[in-house]
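J.: My questions will all concern the structure given below.
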There are 2 protein chains.
Amino acid sequence: MKTKDRILDAAIKLFNEQGTSAVSTNHIAEAAGISPGNLYYHFGNKEEIIREIFERLFHVWDVSFDLPRDRIPTLEDIQGVVRTNFEIIRQYRFAYREILALLRQDSVLHDRYITIRQRGYEGFREMIPILVTLGTLRGPIDSETAVRLADLIWLISEFWLSEVEVEGQIIDDYQMQRGIELMMEVLKPYIPPPDE
Amino acid sequence: MKTKDRILDAAIKLFNEQGTSAVSTNHIAEAAGISPGNLYYHFGNKEEIIREIFERLFHVWDVSFDLPRDRIPTLEDIQGVVRTNFEIIRQYRFAYREILALLRQDSVLHDRYITIRQRGYEGFREMIPILVTLGTLRGPIDSETAVRLADLIWLISEFWLSEVEVEGQIIDDYQMQRGIELMMEVLKPYIPPPDE
DNA sequence: GTCTATATCGCGATAGAC
DNA sequence: GTCTATCGCGATATAGAC
């Protein structure tokens with residue numbers, strides 16, 4: 001499995017730097033230090049490489065989106081989730097930049113993506129009511145509002161760094177912090193006053 | 001100028017349907033009902049076609065983003081601006097889907113885009129304080145908060161429909177309405193109570 | 001598993017007639 | 001302005017030796 005991983009690592013790097021369409025299988029092979037023929041021994045084509053990279057991404061999603069279960073989550077925990085997501089986005093930058101184009105070009109990937117994403121989104125949506133119940137957020141929040149708040153935070157998590165790039169800025173800690181602050185702005189009306 | 005426009009129309013249609021990288025100059029020529037050679041008479045290459053399409057887009061931006069100046073703008077006016085933007089996005093769908101990839105591949109377009117966008121963004125950012133002054137929004141809103149609110153609304157305007165597509169949904173009036181509601185959710189704490 | 005060599009294809013782009 | 005014909009290139013993908 002060593003070569004396969006080298007190919008995937010090289011592909012991610014090149015895709016992030018130049019975009020998927022500018023990067024050929026030959027480029028990837030060269031960057032991975034192997035021959036073009038060898039690449040085709042491990043992957044049927046470029047599409048398959050992209051699919052594998054997305055499987056990696058799905059895996060990272062899976063292991064990094066949970067709030068703590070052993071104690072009551074704080075606002076800092078919520079910020080941590082978003083921050084972690086920003087880091088993931090930075091690593092798999094190309095996937096987020098090109099997501100819509102990639103999904104249109106590969107219906108298998110499309111279906112798989114929708115399924116995985118849907119699962120994450122549904123879990124995420126329940127978060128607001130849970131946080132209200134636990135007292136981390138101040139209620140009452142009616143269910144439509146809760147969904148809108150979740151949608152807003154999800155939108156920020158998923159697209160804020162794209163916004164930064166469209167602005168022509170480099171993604172760095174400062175910009176991530178700006179994203180966090182946007183999320184806090186959304187939650188502001190529901191943040192409990194500090195108690196003594 | 002007739003053929004040039006036919007080429008651009010055909011290109012927009014194909015780009016929206018299949019993405020820029022899947023569409024060759026040959027495809028565009030065929031869809032426009034002309035020969036490949038003729039296409040190259042009008043445009044140096046595909047990049048140039050994309051640039052022209054963006055110029056069209058910039059023009060549409062210019063003429064459609066203003067709030068009324070002859071009367072005090074209402075919340076409905078603000079919604080109207082976002083809605084208009086959604087319609088533009090629908091028409092130039094591919095440009096928004098692929099924006100980051102396109103800007104990386106063409107530094108001339110990149111610089112031009114940043115300039116134009118910056119201009120629009122700066123005007124937009126002033127909107128919140130103005131709306132407070134006019135009484136359409138309820139103050140006081142400190143300047144950092146005003147910037148965050150503007151950033152949030154801008155983010156929604158620019159990326160909500162992408163979110164919808166990533167969800168696997170079709171862009172329609174209902175989804176646009178959802179976007180408007182997200183914006184209203186952001187503004188909710190600053191909406192004046194209805195006066196009698 | 002990995003390499004070299006190569007077949008095939010389609011794209012971008014140009015030349016030159018009309 | 002528009003066409004047909006065509007060239008050169010690079011990308012994908014396969015064959016077959018090691």
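In the structure tokens, the first chain shown is A, the next is B, and so on; residue numbers restart at 1 for each chain, and ligands run from 1 in the order shown.
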Using only C-alpha atoms (C1' of nucleotides), which residues sit within 12 Å of DA5 of chain D once same-chain residues fewer than 4 positions away are excluded, as number ranges by chain?

T.: B: 35-37; C: 14-17

J.: Go ahead and save the picked residues with C-alpha atoms (C1' of nucleotides), as a short mmCIF file (atom, residue, chain, number, x, y, z; two decimals), in the first residue's frame.

T.:
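New file out.cif:
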```
data_model
loop_
_atom_site.label_atom_id
_atom_site.label_comp_id
_atom_site.auth_asym_id
_atom_site.auth_seq_id
_atom_site.Cartn_x
_atom_site.Cartn_y
_atom_site.Cartn_z
CA SER B 35 -16.69 26.33 -37.45
CA PRO B 36 -13.77 25.95 -35.04
CA GLY B 37 -11.70 28.23 -37.24
"C1'" DT C 14 -3.11 28.03 -37.63
"C1'" DA C 15 -3.07 28.33 -42.84
"C1'" DG C 16 -5.26 29.43 -46.67
"C1'" DA C 17 -9.37 29.31 -49.84
#
```

J.: Which residues of chain B sit at most 8 Å from chain A, using only C-alpha atoms? Give each one's shortest atom pair and distance in Å (one decimal place), in chain and ascending residue order, as a Markdown table.

T.:
```
| residue | atom | partner | partner_atom | distance |
| --- | --- | --- | --- | --- |
| B:Gln18 | CA | A:Arg104 | CA | 7.3 |
| B:Gly19 | CA | A:Ala101 | CA | 6.0 |
| B:Ser21 | CA | A:Ser21 | CA | 6.8 |
| B:Arg97 | CA | A:Leu100 | CA | 5.9 |
| B:Glu98 | CA | A:Glu98 | CA | 6.0 |
| B:Ile99 | CA | A:Val166 | CA | 7.6 |
| B:Leu100 | CA | A:Arg97 | CA | 5.9 |
| B:Ala101 | CA | A:Gly19 | CA | 6.2 |
| B:Arg104 | CA | A:Gln18 | CA | 7.4 |
| B:Gln105 | CA | A:Gln18 | CA | 7.7 |
| B:Ile114 | CA | A:Glu167 | CA | 6.5 |
| B:Arg117 | CA | A:Glu167 | CA | 7.8 |
| B:Gln118 | CA | A:Glu167 | CA | 7.5 |
| B:Thr145 | CA | A:Glu185 | CA | 7.7 |
| B:Arg148 | CA | A:Leu182 | CA | 6.1 |
| B:Leu149 | CA | A:Glu185 | CA | 7.8 |
| B:Asp151 | CA | A:Leu182 | CA | 7.9 |
| B:Leu152 | CA | A:Leu182 | CA | 6.8 |
| B:Leu155 | CA | A:Glu163 | CA | 6.9 |
| B:Ile156 | CA | A:Leu155 | CA | 7.8 |
| B:Phe159 | CA | A:Phe159 | CA | 6.9 |
| B:Trp160 | CA | A:Leu155 | CA | 7.2 |
| B:Ser162 | CA | A:Leu100 | CA | 7.7 |
| B:Glu163 | CA | A:Leu155 | CA | 6.9 |
| B:Glu165 | CA | A:Leu100 | CA | 7.3 |
| B:Val166 | CA | A:Leu100 | CA | 6.5 |
| B:Glu167 | CA | A:Ile114 | CA | 6.5 |
| B:Gly168 | CA | A:Ile114 | CA | 6.5 |
| B:Glu181 | CA | A:Arg148 | CA | 7.9 |
| B:Leu182 | CA | A:Arg148 | CA | 6.1 |
| B:Glu185 | CA | A:Arg148 | CA | 7.2 |
| B:Val186 | CA | A:Val186 | CA | 6.3 |
| B:Pro189 | CA | A:Pro189 | CA | 7.1 |
```

J.: Have a look at A:Leu39, A:Ala32, A:Val82, A:Ile89 and name the one nearest to chain C; count only C-alpha atoms (C1' of nucleotides).

T.: A:Leu39

J.: Give me, as a Markdown table, each residue of chain A that comes within 8 Å of chain D, together with its shortest interatomic pair and the distance in Å at one decimal, counting only C-alpha atoms (C1' of nucleotides), with rows ordered by chain and rising residue number.

T.:
```
| residue | atom | partner | partner_atom | distance |
| --- | --- | --- | --- | --- |
| A:Ser24 | CA | D:DA11 | C1' | 6.9 |
| A:Tyr40 | CA | D:DA13 | C1' | 7.9 |
| A:Asn45 | CA | D:DT12 | C1' | 8.0 |
```

J.: Kindly give the distance, in Å, that separates atom CA of Val81 of chain B and atom CA of Pro193 of chain B, rounded to a single decimal.

T.: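 Those two atoms sit 22.2 Å apart.
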
J.: Looking only at helix (DSSP H, G or I) from DSSP on the backbone, list the matching residues of segment 40-143 of chain B as a ChimeraX atom specification.

T.: /B:40-42,46-64,75-91,93-97,99-105,107-125,127-134,143

J.: Residues of chain C within 8 Å of chain A, counting only C-alpha atoms (C1' of nucleotides) - could you list those as a list in words?

T.: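 Contact residues on the first chain: DG1, DT2 and DC3 of chain C.
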
J.: Write out as a list in words each polymer residue whose atoms come within 10 Å of Ile191 of chain A, counting only C-alpha atoms (C1' of nucleotides); drop sequence neighbours fewer than 5 positions from it.

T.: Leu75, Val132, Gly135, Thr136, Leu137, Arg138, Gly139, Met184, Glu185 and Val186 of chain A

J.: Since we have the selection now, will you write its residues out, keeping N, CA and C atoms, as a compact mmCIF listing (two decimals), in the first residue's frame?

T.:
```txt
# COMPACT_ATOMS: atom_id res chain seq x y z
N LEU A 75 -18.82 26.80 24.67
CA LEU A 75 -18.73 27.56 23.42
C LEU A 75 -17.37 27.34 22.77
N VAL A 132 -28.99 23.94 23.71
CA VAL A 132 -29.95 24.68 24.52
C VAL A 132 -30.33 23.86 25.75
N GLY A 135 -27.79 23.94 28.28
CA GLY A 135 -27.55 25.25 28.88
C GLY A 135 -26.37 26.00 28.29
N THR A 136 -25.73 25.39 27.30
CA THR A 136 -24.60 26.08 26.64
C THR A 136 -25.11 27.26 25.81
N LEU A 137 -26.29 27.09 25.27
CA LEU A 137 -26.95 28.21 24.60
C LEU A 137 -28.23 28.54 25.37
N ARG A 138 -28.63 29.80 25.25
CA ARG A 138 -29.81 30.26 25.99
C ARG A 138 -31.05 30.17 25.11
N GLY A 139 -32.03 29.45 25.57
CA GLY A 139 -33.27 29.32 24.81
C GLY A 139 -34.27 30.34 25.26
N MET A 184 -19.66 33.23 15.91
CA MET A 184 -20.06 33.75 17.21
C MET A 184 -21.08 34.89 17.05
N GLU A 185 -20.92 35.63 15.99
CA GLU A 185 -21.88 36.71 15.72
C GLU A 185 -23.28 36.12 15.52
N VAL A 186 -23.34 35.01 14.82
CA VAL A 186 -24.62 34.35 14.59
C VAL A 186 -25.23 33.86 15.90
```
